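Structure first, commentary second.
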Amino acid sequence: MSEVKLLGTQSSFPCARIIWALKLKEVEYEFIEEDLFNKSPLLLKMNPVYKKVPVLIHIDKPVVESLVILEYIDETWKHNPLLPEDPYERATARFWAKFVDEKCVLSAWEAVKSEGENKKKAIETAQEMFEHLEKQIAGKKYFGGEKIGYLDLVIGWTSLWLNAMEEVGGMKLLVPEKFPSLSEWTQNFIRVPAIQDSLPPLENVVNYFQVGLNYLRSLSANKS
């Protein structure tokens, strides 16, 4: 039996972060696909608080939440480090990772599900968040410098999942003319073999978000 297991779903970008990290670290693992509408007893046992993926199981011990898992992987398998050595640079990377999940991801999803005049405002808000990332990547190949690192994996969802969000939401957030450096970074990112070989088909991700959007709208309709 594998000492490293990953509970997840191929269409989830938090799970993709972990897959990328394990591949960059050359860690062998067993991937266990979860049905999020029919969660397995193993998932409920290993993540009883949030009951969601990803969950990394290392020697029968669970680690949850993608940002936490990334740091655990980096601290457990020292080769090919993801986080910088300098304490200030590490703190800065963690700040931007938190910003990405709390501001960029949520504002992009808000733009997906908004309609009418609210959608226009939501798109503007999301693009304001991406402007911060544009400034951070300007003049660099990767957020981690000359090689891919922790923050690149956190922001990696923009290389495919954002495209799917844009398709489902009938909009464009990451406009190349407005975000030239970030757009160039996405191309550099997906050229990395460990990343490229692990990307799910775009249509699967589109369906993943469409199902989620339909579910939210059905809940809203039932309340009204």
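Chain lettering (A, B, ...) mirrors the order of the structure tokens, residue numbering begins at 1 for each chain separately, and ligand numbering begins at 1 in order of display.
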Shell around stretch 191-197 of chain A at 7 Å using only C-alpha atoms, local window under 6 positions removed, as a PyMOL selection string
chain A and resi 20+23-24
Please, could you write that set of residues out with N, CA, C and O atoms as a PDB file, in the first residue's frame?
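The result, written out as again-v4.pdb:
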```pdb
ATOM      1  N   TRP A  20       0.450  18.817  -8.448  1.00  0.00           N
ATOM      2  CA  TRP A  20       1.634  19.481  -9.009  1.00  0.00           C
ATOM      3  C   TRP A  20       2.807  19.429  -8.035  1.00  0.00           C
ATOM      4  O   TRP A  20       3.936  19.133  -8.427  1.00  0.00           O
ATOM      5  N   LYS A  23       4.307  15.950  -7.827  1.00  0.00           N
ATOM      6  CA  LYS A  23       5.052  15.619  -9.038  1.00  0.00           C
ATOM      7  C   LYS A  23       6.377  16.383  -9.099  1.00  0.00           C
ATOM      8  O   LYS A  23       7.410  15.828  -9.488  1.00  0.00           O
ATOM      9  N   LEU A  24       6.367  17.648  -8.725  1.00  0.00           N
ATOM     10  CA  LEU A  24       7.609  18.428  -8.710  1.00  0.00           C
ATOM     11  C   LEU A  24       8.596  17.867  -7.693  1.00  0.00           C
ATOM     12  O   LEU A  24       9.817  17.933  -7.893  1.00  0.00           O
TER      13      LEU A  24
END
```
Using backbone DSSP assignments, extract all alpha helix (DSSP H) residues from stretch 27-140 of chain A; output them as a PyMOL selection string.
chain A and resi 41-46+66-76+87-99+106-113+116-137
So which residues touch A:Gln127 within 10 Å, counting only C-alpha atoms, skipping near sequence neighbours fewer than 3 positions away, as a PyMOL selection string?
chain A and resi 104+107-108+111+121-124+130-133+172-175+178-179
Please list as a ChimeraX atom specification every residue within 9 Å of stretch 77-82 of chain A, counting only C-alpha atoms and excluding residues in the same chain fewer than 2 positions away.
/A:21,24-27,70-75,84-85,144,148-151,153
Selection: 8 Å around stretch 187-189 of chain A, only C-alpha atoms, excl. self and same-chain fewer than 6 positions, as a PDB file with N, CA and C atoms, in the first residue's frame:
```pdb
ATOM      1  N   LYS A 141       9.826  35.496 -14.571  1.00  0.00           N
ATOM      2  CA  LYS A 141       9.315  34.318 -15.288  1.00  0.00           C
ATOM      3  C   LYS A 141       8.263  33.613 -14.457  1.00  0.00           C
ATOM      4  N   TYR A 142       8.579  33.436 -13.176  1.00  0.00           N
ATOM      5  CA  TYR A 142       7.653  32.797 -12.238  1.00  0.00           C
ATOM      6  C   TYR A 142       7.519  33.665 -10.994  1.00  0.00           C
ATOM      7  N   ILE A 148       9.749  27.468 -10.789  1.00  0.00           N
ATOM      8  CA  ILE A 148       8.396  27.398 -10.266  1.00  0.00           C
ATOM      9  C   ILE A 148       8.421  27.135  -8.751  1.00  0.00           C
ATOM     10  N   ASP A 152       3.420  30.029  -7.360  1.00  0.00           N
ATOM     11  CA  ASP A 152       3.007  29.643  -8.712  1.00  0.00           C
ATOM     12  C   ASP A 152       1.950  28.550  -8.657  1.00  0.00           C
ATOM     13  N   GLY A 156      -1.787  28.824  -9.935  1.00  0.00           N
ATOM     14  CA  GLY A 156      -1.883  27.998 -11.145  1.00  0.00           C
ATOM     15  C   GLY A 156      -3.286  27.780 -11.669  1.00  0.00           C
ATOM     16  N   SER A 159      -4.438  29.207 -15.049  1.00  0.00           N
ATOM     17  CA  SER A 159      -3.973  28.666 -16.321  1.00  0.00           C
ATOM     18  C   SER A 159      -5.030  27.838 -17.038  1.00  0.00           C
ATOM     19  N   ILE A 195       3.281  20.177 -14.788  1.00  0.00           N
ATOM     20  CA  ILE A 195       1.994  20.880 -14.822  1.00  0.00           C
ATOM     21  C   ILE A 195       1.188  20.419 -16.027  1.00  0.00           C
TER      22      ILE A 195
END
```
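Put simply, atom CA of A:Ser66 is 25.8 Å away from atom CA of A:Ala138.
Of note, atom CA of A:Ala16 and atom CA of A:Leu199 are spaced 7.8 Å apart.
The space separating atom CA of A:Ser114 from atom CA of A:Val53 comes to 25.6 Å.
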Mind checking which residues fall within 12 Å of A:Val211, counting only C-alpha atoms, ignoring those fewer than 3 positions away in the same chain, and posting them as a PDB file with N, CA, C and O atoms, in the first residue's frame?
```
ATOM      1  N   SER A  11     -11.067  17.614 -11.262  1.00  0.00           N
ATOM      2  CA  SER A  11     -11.504  18.916 -11.766  1.00  0.00           C
ATOM      3  C   SER A  11     -11.342  20.047 -10.755  1.00  0.00           C
ATOM      4  O   SER A  11     -11.655  21.192 -11.057  1.00  0.00           O
ATOM      5  N   LEU A  36     -18.065  14.206  -4.836  1.00  0.00           N
ATOM      6  CA  LEU A  36     -18.405  15.209  -3.831  1.00  0.00           C
ATOM      7  C   LEU A  36     -19.894  15.243  -3.497  1.00  0.00           C
ATOM      8  O   LEU A  36     -20.299  15.867  -2.515  1.00  0.00           O
ATOM      9  N   PHE A  37     -20.708  14.568  -4.319  1.00  0.00           N
ATOM     10  CA  PHE A  37     -22.138  14.475  -4.018  1.00  0.00           C
ATOM     11  C   PHE A  37     -22.464  13.185  -3.263  1.00  0.00           C
ATOM     12  O   PHE A  37     -23.598  12.956  -2.858  1.00  0.00           O
ATOM     13  N   LYS A 113     -21.246  33.971 -11.245  1.00  0.00           N
ATOM     14  CA  LYS A 113     -22.640  33.740 -10.878  1.00  0.00           C
ATOM     15  C   LYS A 113     -23.513  34.997 -10.883  1.00  0.00           C
ATOM     16  O   LYS A 113     -24.740  34.898 -10.803  1.00  0.00           O
ATOM     17  N   MET A 165     -14.105  29.152 -15.877  1.00  0.00           N
ATOM     18  CA  MET A 165     -14.994  30.114 -15.233  1.00  0.00           C
ATOM     19  C   MET A 165     -15.495  31.143 -16.240  1.00  0.00           C
ATOM     20  O   MET A 165     -16.679  31.501 -16.254  1.00  0.00           O
ATOM     21  N   VAL A 168     -18.149  29.528 -18.497  1.00  0.00           N
ATOM     22  CA  VAL A 168     -19.415  29.325 -17.803  1.00  0.00           C
ATOM     23  C   VAL A 168     -20.102  30.665 -17.537  1.00  0.00           C
ATOM     24  O   VAL A 168     -21.325  30.783 -17.654  1.00  0.00           O
ATOM     25  N   ASN A 204     -14.099  19.120 -18.892  1.00  0.00           N
ATOM     26  CA  ASN A 204     -14.434  18.539 -17.595  1.00  0.00           C
ATOM     27  C   ASN A 204     -14.535  19.617 -16.521  1.00  0.00           C
ATOM     28  O   ASN A 204     -15.409  19.571 -15.640  1.00  0.00           O
ATOM     29  N   VAL A 205     -13.633  20.604 -16.603  1.00  0.00           N
ATOM     30  CA  VAL A 205     -13.637  21.684 -15.628  1.00  0.00           C
ATOM     31  C   VAL A 205     -14.836  22.603 -15.863  1.00  0.00           C
ATOM     32  O   VAL A 205     -15.464  23.076 -14.912  1.00  0.00           O
ATOM     33  N   VAL A 206     -15.152  22.851 -17.129  1.00  0.00           N
ATOM     34  CA  VAL A 206     -16.336  23.652 -17.464  1.00  0.00           C
ATOM     35  C   VAL A 206     -17.583  22.993 -16.871  1.00  0.00           C
ATOM     36  O   VAL A 206     -18.420  23.650 -16.239  1.00  0.00           O
ATOM     37  N   ASN A 207     -17.694  21.687 -17.056  1.00  0.00           N
ATOM     38  CA  ASN A 207     -18.846  20.957 -16.517  1.00  0.00           C
ATOM     39  C   ASN A 207     -18.870  21.018 -14.992  1.00  0.00           C
ATOM     40  O   ASN A 207     -19.937  21.168 -14.376  1.00  0.00           O
ATOM     41  N   TYR A 208     -17.696  20.933 -14.374  1.00  0.00           N
ATOM     42  CA  TYR A 208     -17.561  20.995 -12.907  1.00  0.00           C
ATOM     43  C   TYR A 208     -18.132  22.312 -12.375  1.00  0.00           C
ATOM     44  O   TYR A 208     -18.908  22.331 -11.415  1.00  0.00           O
ATOM     45  N   ASN A 214     -25.301  25.652 -11.369  1.00  0.00           N
ATOM     46  CA  ASN A 214     -26.695  25.204 -11.450  1.00  0.00           C
ATOM     47  C   ASN A 214     -27.236  24.837 -10.069  1.00  0.00           C
ATOM     48  O   ASN A 214     -28.394  25.123  -9.746  1.00  0.00           O
ATOM     49  N   TYR A 215     -26.381  24.211  -9.272  1.00  0.00           N
ATOM     50  CA  TYR A 215     -26.789  23.816  -7.915  1.00  0.00           C
ATOM     51  C   TYR A 215     -27.097  25.048  -7.063  1.00  0.00           C
ATOM     52  O   TYR A 215     -28.126  25.098  -6.370  1.00  0.00           O
ATOM     53  N   LEU A 216     -26.217  26.052  -7.123  1.00  0.00           N
ATOM     54  CA  LEU A 216     -26.435  27.275  -6.346  1.00  0.00           C
ATOM     55  C   LEU A 216     -27.708  27.988  -6.781  1.00  0.00           C
ATOM     56  O   LEU A 216     -28.463  28.493  -5.948  1.00  0.00           O
ATOM     57  N   ARG A 217     -27.947  28.039  -8.082  1.00  0.00           N
ATOM     58  CA  ARG A 217     -29.141  28.711  -8.595  1.00  0.00           C
ATOM     59  C   ARG A 217     -30.411  27.951  -8.228  1.00  0.00           C
ATOM     60  O   ARG A 217     -31.461  28.560  -7.988  1.00  0.00           O
ATOM     61  N   SER A 218     -30.327  26.628  -8.159  1.00  0.00           N
ATOM     62  CA  SER A 218     -31.484  25.852  -7.761  1.00  0.00           C
ATOM     63  C   SER A 218     -31.823  26.086  -6.285  1.00  0.00           C
ATOM     64  O   SER A 218     -32.991  26.167  -5.915  1.00  0.00           O
TER      65      SER A 218
END
```
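Minimum atom-to-atom distances from A:Met171, A:Ile190, A:Leu202, A:Leu182 to A:Ser12 were compared using only C-alpha atoms, and the lowest value belongs to A:Leu202.
Closest approach to A:Ile32 among A:Lys61, A:Arg90, A:Lys5, A:Lys45 is made by A:Lys5 (distances from only C-alpha atoms).
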Hey, what does DSSP flag as strand (DSSP E or B) within stretch 35-182 of chain A? Can you give it to me as a ChimeraX atom specification?
/A:55-58,61-64,142,145
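Minimum atom-to-atom distance to A:Phe95, evaluated using only C-alpha atoms, belongs to A:Val154 out of A:Val112, A:Ile59, A:Val154, A:Val49.
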Within 12 Å of A:Lys51, counting only C-alpha atoms, which residues qualify if same-chain residues fewer than 4 places away don't, as a PyMOL selection string?
chain A and resi 7-8+34-47+55+64-65
Nearest to A:Lys52, chosen from A:Ala126, A:Leu219, A:Leu6, A:Leu160, with only C-alpha atoms counted in the distances
A:Leu6
